[in-house]
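What follows is a single structure, written as C-alpha cells, with notes after it.
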Amino acid sequence: MSLFAKFQPLMQDRHNLLGQGIDPFGAPIEEIYSATEARINGRRTILAGTNNYLGLTFDAASLSAAHAALDELGTGTTGSRMANGSFAGHRALEQEIAAFYGCAQAIVFTTGYQANLAVISGLTNNEDAILIDADSHASIYDGCRLSGADILRFRHNNPEDLDRRLRRLGARATTTLVIIEGIYSMLGDKARIREIIEVKNTHGAMLLVDEAHSLGVLGERGRGLVEEAGVIDDADFIAGTFSKSLASTGGYCVSNHPQLELIRYASRPYIFTASPCPSVIASTRAALQRVAHGGDLRARLWRHARRLYQHLLDAGYTLGPEPCPVIAALLDTREQALALWRGLHEHGVYVNLIFPPATPDGKSLVRISVSAAHTDEQIDKICAAFSALAPDYR
Ligand code: PMP
C-alpha cells in the first residue's frame, strides 16, 4: 500500500476513457491570437469555452493599466495584506466595487474560489447552518466545509423546498446562511432570486449570491442578477470573480452589513494567502469601468447567445432550460460527451467537457461560453460544427 494507491482507479478510468487522443482536461493552448482564437494542439481554434463573456482579455485600457502597474509596482505583492500591507490599488478597487454596487463595504480576494471560502467560513461556524442550492459550485461546498457549519441542501432553484427546510430549522433559521448563484455555472439558468429573497426574509435568514457568471452579463450596468431583478439591497452579501467578465483573476464580496469588514480578521483564506498582483488589480479596475458602461457588449453577447441556443435546440441537442451565454448540451454518457468534444475540436471549436460529479443529475456536459468578442462568422462556424455532429448526439 502507498499514498498513491487511491489514484489507481482514477488512473485506470482516465486511461480507459481518454486513451491516446487530446486530453480535454488539459488542452494545450499553444498560442493566443485574440480573445476568441488560439492554436490548440496545432489547430487554429475558436475559443468558445473560456468564460470571456465580454471579450476583455485584450482590452486596450486594461492592457495599458496592467503594463503601467507592472513597471511602477513590480510583479507581485509577495505576501498577504495582513502581513505585508495593502497597496493603494487594492483599496481603490474595493472602493470602486462598493461604489459600483452602491454598497457600503467591499473586500477583494486573490481568486473567486477564495472569496467564497473566506466569506462563507468567515460568516459561519459550527453553531450555524448553511442552506445551499444543490447545484452549487465546488468553491461554495468547500467554503461550507471549512466553516464547520451544518451543511444542508435545497432542491436546485426551488424556493418552495428552501422554505420547507428553513421552517424545519425553526429558531436556527436566524443563524442560517442561504447561498445561491446568479447564473448557474453548468446549465446557465438564473436563480429565482425574488422568491428566494422573500423566503429568506420570512425566516430571518441571510443570503449570499455568487454572481461569478452573471457579473457583466446581466443588468443595465452589468451588476448581475441582483441588478436585473432589482434586489441589490435585499441580498446580504454579493460575491463574484474577476476571472470571467473582468478578464483577470481575483474575487470580491460586497455588503451593506458593516460586519463584512471583520471577515478580514476572522477568515483564514483572506489572512493566509498573498494579495493580488498590482498588474491584476490595475487591469481589473479598468475592466470594471468597461463593464459598467458595457451595454453595447452585453447586447452583442446576448444576441450571439440567443442565436446559438436556438440553433442547437433546432439541431436536436438537449440544452439547459433557458438561453444564456452559458449553453450546455446534456449527454447521457461520458463517452458521448467526450466524442462530441473531440469532434468539435476537429472542427476547430474549443468548448468545455464536464463530467459528473461536477454536473447536475449525473449528466455529462459539453459546455459553451459565448463571448461578445465572437464575430458573427465565428458564431456561424460554431453553429455549423454542432450541426455537422448533431446526428450522433440527438
Ligand atoms: N463561483 C462560481 C459559481 C464559479 O463558477 C467559479 C469559477 N468557475 C468560482 C466561484 C471561482 O472563481 P475563480 O475562478 O475566480 O476562482
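Ligands are numbered from 1 in the order shown, residues from 1 within each chain, and chains are lettered A, B, ... in the order they appear in the C-alpha cells.
Listed by chain and then residue number, the contacts of ligand 1 are Thr111, Gly112, Tyr113, His137, Ser139, Ser185, Ala212, Thr241, Phe242, Ser243, Thr249, Gly250 and Gly251 of chain A (distance at most 6 Å, using only C-alpha atoms and all ligand atoms).
Every protein or nucleic acid residue with an atom no more than 12 Å from Tyr33 of chain A, counting only C-alpha atoms and leaving out same-chain residues fewer than 2 positions away, appears here: Ile29, Glu30, Glu31, Ala35, Thr36, Glu37, Ala38, Arg39, Ile40, Arg43, Arg44, Thr45, Ile46, Leu47, Thr57 and Phe58 of chain A.
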Next, the residues of the selection above should be written as a JSON list (two decimals), in the first residue's frame with C-alpha atoms.
```json
[["chain", "number", "residue", "atom", "x", "y", "z"],
["A", 29, "ILE", "CA", -3.19, 26.29, -25.66],
["A", 30, "GLU", "CA", -0.05, 26.87, -27.71],
["A", 31, "GLU", "CA", -0.64, 30.41, -28.90],
["A", 35, "ALA", "CA", -9.89, 36.95, -27.14],
["A", 36, "THR", "CA", -11.66, 34.34, -29.26],
["A", 37, "GLU", "CA", -8.94, 32.45, -31.16],
["A", 38, "ALA", "CA", -5.95, 30.31, -30.25],
["A", 39, "ARG", "CA", -3.78, 27.48, -31.57],
["A", 40, "ILE", "CA", -4.71, 24.35, -29.71],
["A", 43, "ARG", "CA", -5.01, 23.76, -34.93],
["A", 44, "ARG", "CA", -6.38, 27.30, -35.26],
["A", 45, "THR", "CA", -9.39, 27.15, -32.96],
["A", 46, "ILE", "CA", -12.34, 29.33, -31.96],
["A", 47, "LEU", "CA", -12.43, 29.71, -28.17],
["A", 57, "THR", "CA", -8.72, 39.91, -22.27],
["A", 58, "PHE", "CA", -7.07, 42.26, -24.81]]
```
If you run DSSP on this backbone, which residues of segment 49-287 of chain A come out as strand (DSSP E), and could you give them as a ChimeraX atom specification?
/A:105-109,129-133,150-154,176-181,206-210,237-241,251-255
Given only C-alpha atoms as the basis, pick out the residue of A:Ala98, A:Met1, A:Ala27, A:Val108 nearest to Asn352 of chain A.
A:Ala27
With distances taken over only C-alpha atoms, which residue among A:Ser371, A:Ser248, A:Thr273, A:Thr176 lies nearest Ala305 of chain A?
A:Ser371
Out of segment 116-224 of chain A, which residues get helix (DSSP H, G or I) from DSSP, as an mmCIF file with all heavy atoms, in the first residue's frame?
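Output saved as selection14.cif:
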```
data_model
loop_
_atom_site.group_PDB
_atom_site.id
_atom_site.type_symbol
_atom_site.label_atom_id
_atom_site.label_comp_id
_atom_site.auth_asym_id
_atom_site.auth_seq_id
_atom_site.Cartn_x
_atom_site.Cartn_y
_atom_site.Cartn_z
ATOM 1 N N ASN A 116 -15.243 32.864 -1.947
ATOM 2 C CA ASN A 116 -16.288 32.028 -1.342
ATOM 3 C C ASN A 116 -15.794 31.348 -0.079
ATOM 4 O O ASN A 116 -16.500 31.300 0.935
ATOM 5 C CB ASN A 116 -16.800 30.993 -2.350
ATOM 6 C CG ASN A 116 -17.877 31.579 -3.242
ATOM 7 O OD1 ASN A 116 -18.551 32.547 -2.866
ATOM 8 N ND2 ASN A 116 -18.052 31.014 -4.416
ATOM 9 N N LEU A 117 -14.580 30.815 -0.130
ATOM 10 C CA LEU A 117 -14.027 30.174 1.070
ATOM 11 C C LEU A 117 -13.988 31.167 2.234
ATOM 12 O O LEU A 117 -14.404 30.865 3.358
ATOM 13 C CB LEU A 117 -12.589 29.709 0.783
ATOM 14 C CG LEU A 117 -12.352 28.213 0.679
ATOM 15 C CD1 LEU A 117 -13.253 27.582 -0.347
ATOM 16 C CD2 LEU A 117 -10.895 27.904 0.354
ATOM 17 N N ALA A 118 -13.493 32.366 1.945
ATOM 18 C CA ALA A 118 -13.295 33.359 3.003
ATOM 19 C C ALA A 118 -14.618 33.848 3.572
ATOM 20 O O ALA A 118 -14.777 33.948 4.800
ATOM 21 C CB ALA A 118 -12.489 34.535 2.455
ATOM 22 N N VAL A 119 -15.550 34.162 2.702
ATOM 23 C CA VAL A 119 -16.799 34.759 3.176
ATOM 24 C C VAL A 119 -17.642 33.717 3.915
ATOM 25 O O VAL A 119 -18.147 33.972 5.013
ATOM 26 C CB VAL A 119 -17.581 35.374 1.990
ATOM 27 C CG1 VAL A 119 -18.955 35.846 2.439
ATOM 28 C CG2 VAL A 119 -16.787 36.534 1.411
ATOM 29 N N ILE A 120 -17.748 32.534 3.332
ATOM 30 C CA ILE A 120 -18.600 31.512 3.960
ATOM 31 C C ILE A 120 -18.001 31.067 5.297
ATOM 32 O O ILE A 120 -18.696 31.013 6.315
ATOM 33 C CB ILE A 120 -18.794 30.298 3.006
ATOM 34 C CG1 ILE A 120 -19.508 30.761 1.730
ATOM 35 C CG2 ILE A 120 -19.579 29.197 3.707
ATOM 36 C CD1 ILE A 120 -19.500 29.748 0.603
ATOM 37 N N SER A 121 -16.688 30.793 5.293
ATOM 38 C CA SER A 121 -16.086 30.295 6.539
ATOM 39 C C SER A 121 -15.893 31.428 7.553
ATOM 40 O O SER A 121 -15.786 31.186 8.749
ATOM 41 C CB SER A 121 -14.750 29.600 6.259
ATOM 42 O OG SER A 121 -13.780 30.543 5.869
ATOM 43 N N GLY A 122 -15.875 32.670 7.065
ATOM 44 C CA GLY A 122 -15.786 33.792 7.999
ATOM 45 C C GLY A 122 -17.122 34.099 8.653
ATOM 46 O O GLY A 122 -17.178 34.509 9.815
ATOM 47 N N LEU A 123 -18.201 33.889 7.912
ATOM 48 C CA LEU A 123 -19.530 34.247 8.433
ATOM 49 C C LEU A 123 -20.133 33.183 9.334
ATOM 50 O O LEU A 123 -20.973 33.489 10.175
ATOM 51 C CB LEU A 123 -20.505 34.461 7.261
ATOM 52 C CG LEU A 123 -20.418 35.769 6.494
ATOM 53 C CD1 LEU A 123 -21.329 35.715 5.271
ATOM 54 C CD2 LEU A 123 -20.817 36.930 7.394
ATOM 55 N N ALA A 138 -18.217 24.154 -6.637
ATOM 56 C CA ALA A 138 -17.336 23.489 -5.665
ATOM 57 C C ALA A 138 -16.784 24.461 -4.622
ATOM 58 O O ALA A 138 -16.595 24.091 -3.459
ATOM 59 C CB ALA A 138 -16.178 22.821 -6.416
ATOM 60 N N SER A 139 -16.532 25.703 -5.012
ATOM 61 C CA SER A 139 -15.972 26.669 -4.051
ATOM 62 C C SER A 139 -16.964 26.946 -2.926
ATOM 63 O O SER A 139 -16.558 27.247 -1.794
ATOM 64 C CB SER A 139 -15.601 27.973 -4.759
ATOM 65 O OG SER A 139 -16.723 28.541 -5.402
ATOM 66 N N ILE A 140 -18.240 26.854 -3.218
ATOM 67 C CA ILE A 140 -19.267 27.061 -2.186
ATOM 68 C C ILE A 140 -19.269 25.856 -1.245
ATOM 69 O O ILE A 140 -19.265 26.006 -0.013
ATOM 70 C CB ILE A 140 -20.650 27.297 -2.847
ATOM 71 C CG1 ILE A 140 -20.609 28.608 -3.637
ATOM 72 C CG2 ILE A 140 -21.771 27.295 -1.799
ATOM 73 C CD1 ILE A 140 -21.843 28.904 -4.471
ATOM 74 N N TYR A 141 -19.242 24.669 -1.827
ATOM 75 C CA TYR A 141 -19.165 23.461 -0.989
ATOM 76 C C TYR A 141 -17.926 23.495 -0.100
ATOM 77 O O TYR A 141 -17.986 23.186 1.085
ATOM 78 C CB TYR A 141 -19.123 22.199 -1.871
ATOM 79 C CG TYR A 141 -20.501 21.731 -2.305
ATOM 80 C CD1 TYR A 141 -21.054 22.134 -3.507
ATOM 81 C CD2 TYR A 141 -21.263 20.892 -1.495
ATOM 82 C CE1 TYR A 141 -22.320 21.708 -3.898
ATOM 83 C CE2 TYR A 141 -22.530 20.461 -1.876
ATOM 84 C CZ TYR A 141 -23.048 20.877 -3.076
ATOM 85 O OH TYR A 141 -24.299 20.458 -3.441
ATOM 86 N N ASP A 142 -16.800 23.888 -0.679
ATOM 87 C CA ASP A 142 -15.548 23.869 0.090
ATOM 88 C C ASP A 142 -15.561 24.922 1.196
ATOM 89 O O ASP A 142 -15.054 24.684 2.298
ATOM 90 C CB ASP A 142 -14.345 24.068 -0.841
ATOM 91 C CG ASP A 142 -14.151 22.882 -1.779
ATOM 92 O OD1 ASP A 142 -14.874 21.883 -1.609
ATOM 93 O OD2 ASP A 142 -13.290 22.955 -2.659
ATOM 94 N N GLY A 143 -16.141 26.083 0.910
ATOM 95 C CA GLY A 143 -16.274 27.123 1.936
ATOM 96 C C GLY A 143 -17.125 26.628 3.091
ATOM 97 O O GLY A 143 -16.829 26.879 4.272
ATOM 98 N N CYS A 144 -18.188 25.895 2.762
ATOM 99 C CA CYS A 144 -19.070 25.344 3.798
ATOM 100 C C CYS A 144 -18.293 24.370 4.683
ATOM 101 O O CYS A 144 -18.382 24.408 5.908
ATOM 102 C CB CYS A 144 -20.251 24.617 3.170
ATOM 103 S SG CYS A 144 -21.368 25.717 2.318
ATOM 104 N N ARG A 145 -17.524 23.495 4.021
ATOM 105 C CA ARG A 145 -16.750 22.503 4.789
ATOM 106 C C ARG A 145 -15.772 23.181 5.732
ATOM 107 O O ARG A 145 -15.608 22.785 6.879
ATOM 108 C CB ARG A 145 -15.980 21.599 3.847
ATOM 109 C CG ARG A 145 -16.764 20.371 3.515
ATOM 110 C CD ARG A 145 -15.863 19.332 2.880
ATOM 111 N NE ARG A 145 -16.591 18.810 1.747
ATOM 112 C CZ ARG A 145 -16.105 18.636 0.543
ATOM 113 N NH1 ARG A 145 -14.862 18.916 0.266
ATOM 114 N NH2 ARG A 145 -16.858 18.167 -0.401
ATOM 115 N N LEU A 146 -15.120 24.210 5.225
ATOM 116 C CA LEU A 146 -14.122 24.914 6.032
ATOM 117 C C LEU A 146 -14.757 25.598 7.238
ATOM 118 O O LEU A 146 -14.117 25.781 8.273
ATOM 119 C CB LEU A 146 -13.410 25.944 5.143
ATOM 120 C CG LEU A 146 -12.174 26.631 5.691
ATOM 121 C CD1 LEU A 146 -11.065 25.605 5.940
ATOM 122 C CD2 LEU A 146 -11.669 27.682 4.690
ATOM 123 N N SER A 147 -16.023 25.962 7.106
ATOM 124 C CA SER A 147 -16.696 26.710 8.184
ATOM 125 C C SER A 147 -17.021 25.837 9.392
ATOM 126 O O SER A 147 -17.125 26.335 10.504
ATOM 127 C CB SER A 147 -17.999 27.306 7.660
ATOM 128 O OG SER A 147 -18.980 26.298 7.540
ATOM 129 N N PRO A 159 -37.500 27.604 -4.479
ATOM 130 C CA PRO A 159 -37.791 28.390 -3.262
ATOM 131 C C PRO A 159 -38.736 27.669 -2.312
ATOM 132 O O PRO A 159 -38.654 27.860 -1.093
ATOM 133 C CB PRO A 159 -38.452 29.661 -3.791
ATOM 134 C CG PRO A 159 -38.144 29.711 -5.241
ATOM 135 C CD PRO A 159 -37.890 28.311 -5.703
ATOM 136 N N GLU A 160 -39.636 26.825 -2.863
ATOM 137 C CA GLU A 160 -40.585 26.099 -2.009
ATOM 138 C C GLU A 160 -39.816 25.124 -1.107
ATOM 139 O O GLU A 160 -40.104 25.002 0.081
ATOM 140 C CB GLU A 160 -41.624 25.333 -2.861
ATOM 141 C CG GLU A 160 -42.537 26.222 -3.707
ATOM 142 C CD GLU A 160 -41.882 26.733 -5.003
ATOM 143 O OE1 GLU A 160 -40.867 26.146 -5.450
ATOM 144 O OE2 GLU A 160 -42.361 27.750 -5.554
ATOM 145 N N ASP A 161 -38.858 24.428 -1.694
ATOM 146 C CA ASP A 161 -38.049 23.487 -0.903
ATOM 147 C C ASP A 161 -37.190 24.251 0.114
ATOM 148 O O ASP A 161 -37.041 23.815 1.260
ATOM 149 C CB ASP A 161 -37.166 22.649 -1.833
ATOM 150 C CG ASP A 161 -36.561 21.457 -1.113
ATOM 151 O OD1 ASP A 161 -37.296 20.794 -0.340
ATOM 152 O OD2 ASP A 161 -35.364 21.198 -1.285
ATOM 153 N N LEU A 162 -36.677 25.396 -0.287
ATOM 154 C CA LEU A 162 -35.902 26.233 0.649
ATOM 155 C C LEU A 162 -36.789 26.626 1.827
ATOM 156 O O LEU A 162 -36.368 26.558 2.997
ATOM 157 C CB LEU A 162 -35.382 27.478 -0.075
ATOM 158 C CG LEU A 162 -34.692 28.517 0.805
ATOM 159 C CD1 LEU A 162 -33.417 27.947 1.428
ATOM 160 C CD2 LEU A 162 -34.348 29.782 0.000
ATOM 161 N N ASP A 163 -37.999 27.024 1.524
ATOM 162 C CA ASP A 163 -38.957 27.429 2.568
ATOM 163 C C ASP A 163 -39.193 26.289 3.558
ATOM 164 O O ASP A 163 -39.120 26.466 4.776
ATOM 165 C CB ASP A 163 -40.270 27.840 1.883
ATOM 166 C CG ASP A 163 -41.275 28.392 2.872
ATOM 167 O OD1 ASP A 163 -40.872 29.176 3.752
ATOM 168 O OD2 ASP A 163 -42.470 28.021 2.782
ATOM 169 N N ARG A 164 -39.439 25.081 3.020
ATOM 170 C CA ARG A 164 -39.676 23.899 3.870
ATOM 171 C C ARG A 164 -38.486 23.656 4.797
ATOM 172 O O ARG A 164 -38.630 23.418 5.988
ATOM 173 C CB ARG A 164 -39.853 22.656 2.991
ATOM 174 C CG ARG A 164 -41.305 22.254 2.760
ATOM 175 C CD ARG A 164 -41.395 20.871 2.125
ATOM 176 N NE ARG A 164 -40.645 20.756 0.876
ATOM 177 C CZ ARG A 164 -41.110 21.140 -0.321
ATOM 178 N NH1 ARG A 164 -42.321 21.666 -0.427
ATOM 179 N NH2 ARG A 164 -40.385 21.009 -1.417
ATOM 180 N N ARG A 165 -37.299 23.736 4.216
ATOM 181 C CA ARG A 165 -36.108 23.416 5.016
ATOM 182 C C ARG A 165 -35.819 24.488 6.055
ATOM 183 O O ARG A 165 -35.379 24.180 7.170
ATOM 184 C CB ARG A 165 -34.905 23.189 4.091
ATOM 185 C CG ARG A 165 -35.020 21.862 3.394
ATOM 186 C CD ARG A 165 -34.015 21.664 2.305
ATOM 187 N NE ARG A 165 -34.469 20.608 1.422
ATOM 188 C CZ ARG A 165 -34.223 19.312 1.607
ATOM 189 N NH1 ARG A 165 -33.526 18.917 2.627
ATOM 190 N NH2 ARG A 165 -34.693 18.420 0.767
ATOM 191 N N LEU A 166 -36.067 25.736 5.723
ATOM 192 C CA LEU A 166 -35.857 26.800 6.716
ATOM 193 C C LEU A 166 -36.879 26.662 7.844
ATOM 194 O O LEU A 166 -36.554 26.869 9.018
ATOM 195 C CB LEU A 166 -35.985 28.179 6.056
ATOM 196 C CG LEU A 166 -34.727 28.679 5.344
ATOM 197 C CD1 LEU A 166 -35.026 29.915 4.493
ATOM 198 C CD2 LEU A 166 -33.605 29.003 6.339
ATOM 199 N N ARG A 167 -38.115 26.287 7.468
ATOM 200 C CA ARG A 167 -39.146 26.118 8.506
ATOM 201 C C ARG A 167 -38.722 25.011 9.474
ATOM 202 O O ARG A 167 -38.843 25.142 10.679
ATOM 203 C CB ARG A 167 -40.501 25.797 7.868
ATOM 204 C CG ARG A 167 -41.629 25.877 8.881
ATOM 205 C CD ARG A 167 -43.020 25.833 8.254
ATOM 206 N NE ARG A 167 -43.147 26.688 7.091
ATOM 207 C CZ ARG A 167 -43.574 26.261 5.894
ATOM 208 N NH1 ARG A 167 -43.901 25.004 5.717
ATOM 209 N NH2 ARG A 167 -43.675 27.100 4.890
ATOM 210 N N ARG A 168 -38.183 23.918 8.893
ATOM 211 C CA ARG A 168 -37.730 22.798 9.727
ATOM 212 C C ARG A 168 -36.630 23.210 10.703
ATOM 213 O O ARG A 168 -36.466 22.626 11.759
ATOM 214 C CB ARG A 168 -37.214 21.663 8.837
ATOM 215 C CG ARG A 168 -38.112 20.441 8.901
ATOM 216 C CD ARG A 168 -37.529 19.344 8.062
ATOM 217 N NE ARG A 168 -38.266 19.182 6.830
ATOM 218 C CZ ARG A 168 -37.809 18.633 5.715
ATOM 219 N NH1 ARG A 168 -36.567 18.210 5.638
ATOM 220 N NH2 ARG A 168 -38.563 18.504 4.660
ATOM 221 N N LEU A 169 -35.848 24.204 10.317
ATOM 222 C CA LEU A 169 -34.755 24.644 11.194
ATOM 223 C C LEU A 169 -35.252 25.448 12.400
ATOM 224 O O LEU A 169 -34.506 25.657 13.362
ATOM 225 C CB LEU A 169 -33.751 25.498 10.407
ATOM 226 C CG LEU A 169 -32.780 24.724 9.525
ATOM 227 C CD1 LEU A 169 -32.017 25.677 8.603
ATOM 228 C CD2 LEU A 169 -31.783 23.920 10.374
ATOM 229 N N GLY A 170 -36.483 25.916 12.343
ATOM 230 C CA GLY A 170 -37.074 26.650 13.476
ATOM 231 C C GLY A 170 -36.258 27.887 13.805
ATOM 232 O O GLY A 170 -35.882 28.663 12.919
ATOM 233 N N ALA A 171 -35.933 28.037 15.103
ATOM 234 C CA ALA A 171 -35.218 29.242 15.554
ATOM 235 C C ALA A 171 -33.825 29.328 14.934
ATOM 236 O O ALA A 171 -33.254 30.419 14.804
ATOM 237 C CB ALA A 171 -35.116 29.237 17.078
ATOM 238 N N ARG A 172 -33.279 28.176 14.518
ATOM 239 C CA ARG A 172 -31.930 28.182 13.919
ATOM 240 C C ARG A 172 -31.899 28.907 12.569
ATOM 241 O O ARG A 172 -30.826 29.252 12.079
ATOM 242 C CB ARG A 172 -31.427 26.753 13.699
ATOM 243 C CG ARG A 172 -31.002 26.038 14.958
ATOM 244 C CD ARG A 172 -30.246 24.782 14.598
ATOM 245 N NE ARG A 172 -28.855 25.046 14.263
ATOM 246 C CZ ARG A 172 -28.079 24.207 13.594
ATOM 247 N NH1 ARG A 172 -28.562 23.064 13.169
ATOM 248 N NH2 ARG A 172 -26.820 24.505 13.351
ATOM 249 N N ALA A 173 -33.077 29.126 11.991
ATOM 250 C CA ALA A 173 -33.111 29.797 10.678
ATOM 251 C C ALA A 173 -32.452 31.171 10.744
ATOM 252 O O ALA A 173 -31.869 31.647 9.759
ATOM 253 C CB ALA A 173 -34.551 29.916 10.181
ATOM 254 N N THR A 174 -32.517 31.799 11.909
ATOM 255 C CA THR A 174 -31.947 33.165 12.003
ATOM 256 C C THR A 174 -30.413 33.155 12.053
ATOM 257 O O THR A 174 -29.801 34.212 11.944
ATOM 258 C CB THR A 174 -32.474 33.899 13.256
ATOM 259 O OG1 THR A 174 -32.143 33.116 14.392
ATOM 260 C CG2 THR A 174 -33.973 34.131 13.186
ATOM 261 N N THR A 175 -29.826 31.991 12.241
ATOM 262 C CA THR A 175 -28.355 31.917 12.120
ATOM 263 C C THR A 175 -27.988 30.993 10.949
ATOM 264 O O THR A 175 -27.028 30.227 11.008
ATOM 265 C CB THR A 175 -27.686 31.407 13.415
ATOM 266 O OG1 THR A 175 -28.273 30.151 13.761
ATOM 267 C CG2 THR A 175 -27.861 32.390 14.554
ATOM 268 N N ILE A 193 -34.518 34.547 -7.881
ATOM 269 C CA ILE A 193 -33.971 35.299 -6.746
ATOM 270 C C ILE A 193 -35.030 36.061 -5.961
ATOM 271 O O ILE A 193 -34.954 36.146 -4.730
ATOM 272 C CB ILE A 193 -32.830 36.234 -7.216
ATOM 273 C CG1 ILE A 193 -32.012 36.728 -6.023
ATOM 274 C CG2 ILE A 193 -33.365 37.412 -8.015
ATOM 275 C CD1 ILE A 193 -30.689 37.361 -6.398
ATOM 276 N N ARG A 194 -36.045 36.600 -6.634
ATOM 277 C CA ARG A 194 -37.044 37.385 -5.888
ATOM 278 C C ARG A 194 -37.793 36.492 -4.902
ATOM 279 O O ARG A 194 -38.017 36.866 -3.753
ATOM 280 C CB ARG A 194 -38.036 38.032 -6.853
ATOM 281 C CG ARG A 194 -37.442 39.219 -7.576
ATOM 282 C CD ARG A 194 -38.364 39.707 -8.683
ATOM 283 N NE ARG A 194 -38.150 41.125 -8.908
ATOM 284 C CZ ARG A 194 -38.723 42.090 -8.218
ATOM 285 N NH1 ARG A 194 -39.597 41.812 -7.268
ATOM 286 N NH2 ARG A 194 -38.453 43.354 -8.464
ATOM 287 N N GLU A 195 -38.164 35.295 -5.360
ATOM 288 C CA GLU A 195 -38.886 34.377 -4.461
ATOM 289 C C GLU A 195 -37.968 33.895 -3.335
ATOM 290 O O GLU A 195 -38.394 33.746 -2.197
ATOM 291 C CB GLU A 195 -39.402 33.170 -5.253
ATOM 292 C CG GLU A 195 -40.455 33.525 -6.281
ATOM 293 C CD GLU A 195 -40.439 32.556 -7.446
ATOM 294 O OE1 GLU A 195 -39.643 32.747 -8.393
ATOM 295 O OE2 GLU A 195 -41.211 31.586 -7.408
ATOM 296 N N ILE A 196 -36.716 33.673 -3.676
ATOM 297 C CA ILE A 196 -35.758 33.195 -2.661
ATOM 298 C C ILE A 196 -35.555 34.269 -1.597
ATOM 299 O O ILE A 196 -35.491 33.970 -0.392
ATOM 300 C CB ILE A 196 -34.438 32.763 -3.343
ATOM 301 C CG1 ILE A 196 -34.674 31.436 -4.069
ATOM 302 C CG2 ILE A 196 -33.306 32.631 -2.323
ATOM 303 C CD1 ILE A 196 -33.580 30.989 -4.987
ATOM 304 N N ILE A 197 -35.519 35.522 -2.013
ATOM 305 C CA ILE A 197 -35.371 36.619 -1.043
ATOM 306 C C ILE A 197 -36.595 36.700 -0.134
ATOM 307 O O ILE A 197 -36.474 36.884 1.082
ATOM 308 C CB ILE A 197 -35.091 37.947 -1.775
ATOM 309 C CG1 ILE A 197 -33.624 37.942 -2.227
ATOM 310 C CG2 ILE A 197 -35.390 39.149 -0.886
ATOM 311 C CD1 ILE A 197 -33.206 39.081 -3.081
ATOM 312 N N GLU A 198 -37.756 36.524 -0.732
ATOM 313 C CA GLU A 198 -38.982 36.549 0.079
ATOM 314 C C GLU A 198 -38.931 35.468 1.165
ATOM 315 O O GLU A 198 -39.221 35.707 2.328
ATOM 316 C CB GLU A 198 -40.168 36.276 -0.842
ATOM 317 C CG GLU A 198 -41.309 37.261 -0.653
ATOM 318 C CD GLU A 198 -42.420 36.929 -1.636
ATOM 319 O OE1 GLU A 198 -42.276 37.340 -2.794
ATOM 320 O OE2 GLU A 198 -43.379 36.227 -1.226
ATOM 321 N N VAL A 199 -38.495 34.279 0.747
ATOM 322 C CA VAL A 199 -38.435 33.146 1.681
ATOM 323 C C VAL A 199 -37.406 33.401 2.786
ATOM 324 O O VAL A 199 -37.685 33.230 3.969
ATOM 325 C CB VAL A 199 -38.078 31.828 0.927
ATOM 326 C CG1 VAL A 199 -37.759 30.706 1.900
ATOM 327 C CG2 VAL A 199 -39.203 31.428 -0.006
ATOM 328 N N LYS A 200 -36.230 33.865 2.398
ATOM 329 C CA LYS A 200 -35.186 34.050 3.438
ATOM 330 C C LYS A 200 -35.606 35.165 4.397
ATOM 331 O O LYS A 200 -35.336 35.108 5.596
ATOM 332 C CB LYS A 200 -33.804 34.256 2.831
ATOM 333 C CG LYS A 200 -33.527 35.594 2.171
ATOM 334 C CD LYS A 200 -32.761 36.555 3.051
ATOM 335 C CE LYS A 200 -32.681 37.934 2.408
ATOM 336 N NZ LYS A 200 -32.198 38.979 3.260
ATOM 337 N N ASN A 201 -36.310 36.184 3.888
ATOM 338 C CA ASN A 201 -36.796 37.255 4.777
ATOM 339 C C ASN A 201 -37.841 36.734 5.756
ATOM 340 O O ASN A 201 -37.825 37.081 6.936
ATOM 341 C CB ASN A 201 -37.386 38.408 3.961
ATOM 342 C CG ASN A 201 -36.297 39.280 3.347
ATOM 343 O OD1 ASN A 201 -35.145 39.228 3.778
ATOM 344 N ND2 ASN A 201 -36.640 40.065 2.342
ATOM 345 N N THR A 202 -38.733 35.885 5.257
ATOM 346 C CA THR A 202 -39.779 35.320 6.126
ATOM 347 C C THR A 202 -39.160 34.622 7.330
ATOM 348 O O THR A 202 -39.676 34.680 8.438
ATOM 349 C CB THR A 202 -40.618 34.278 5.338
ATOM 350 O OG1 THR A 202 -41.101 34.914 4.183
ATOM 351 C CG2 THR A 202 -41.759 33.712 6.155
ATOM 352 N N HIS A 203 -38.038 33.938 7.091
ATOM 353 C CA HIS A 203 -37.442 33.134 8.161
ATOM 354 C C HIS A 203 -36.298 33.845 8.878
ATOM 355 O O HIS A 203 -35.687 33.272 9.783
ATOM 356 C CB HIS A 203 -36.941 31.800 7.588
ATOM 357 C CG HIS A 203 -38.058 30.950 7.045
ATOM 358 N ND1 HIS A 203 -38.842 30.156 7.849
ATOM 359 C CD2 HIS A 203 -38.530 30.804 5.791
ATOM 360 C CE1 HIS A 203 -39.745 29.537 7.097
ATOM 361 N NE2 HIS A 203 -39.572 29.909 5.848
#
```
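The closest residue to Glu211 of chain A, picked from A:Leu308, A:Ile232, A:Ala372, A:Ala328 and counting only C-alpha atoms, is A:Ile232.
Closest approach to Met186 of chain A among A:Ala99, A:Leu17, A:Ile379, A:Ile354: A:Ile354, based on only C-alpha atoms.
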12 Å contact set for Leu73 of chain A, only C-alpha atoms, chain neighbours under 5 positions out, as a list in words
Ala65, Ala66, His67, Ala68, Thr78, Phe87, Ala88, Gly89, Cys277, Pro278, Ser279, Val280, Ile281 and Ala282 of chain A
Skip Gly294 of chain A itself and residues of its chain fewer than 5 positions away, then list as a PyMOL selection string all residues within 12 Å of it, counting only C-alpha atoms.
chain A and resi 53-56+215-223+245-246+287-289+299-301+372
Who sits within 10 Å of Gly182 of chain A, only C-alpha atoms, same chain under 5 positions skipped, as a ChimeraX atom specification:
/A:188-193,209-215,218,224-226,238-240
Residues within 10 Å of Gln310 of chain A, only C-alpha atoms, excluding chain neighbours under 6 positions, as a PyMOL selection string:
chain A and resi 316-317+319+322-323+383
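We find atom CA of Tyr252 of chain A and atom CA of Asp296 of chain A to be spaced 24.6 Å apart.
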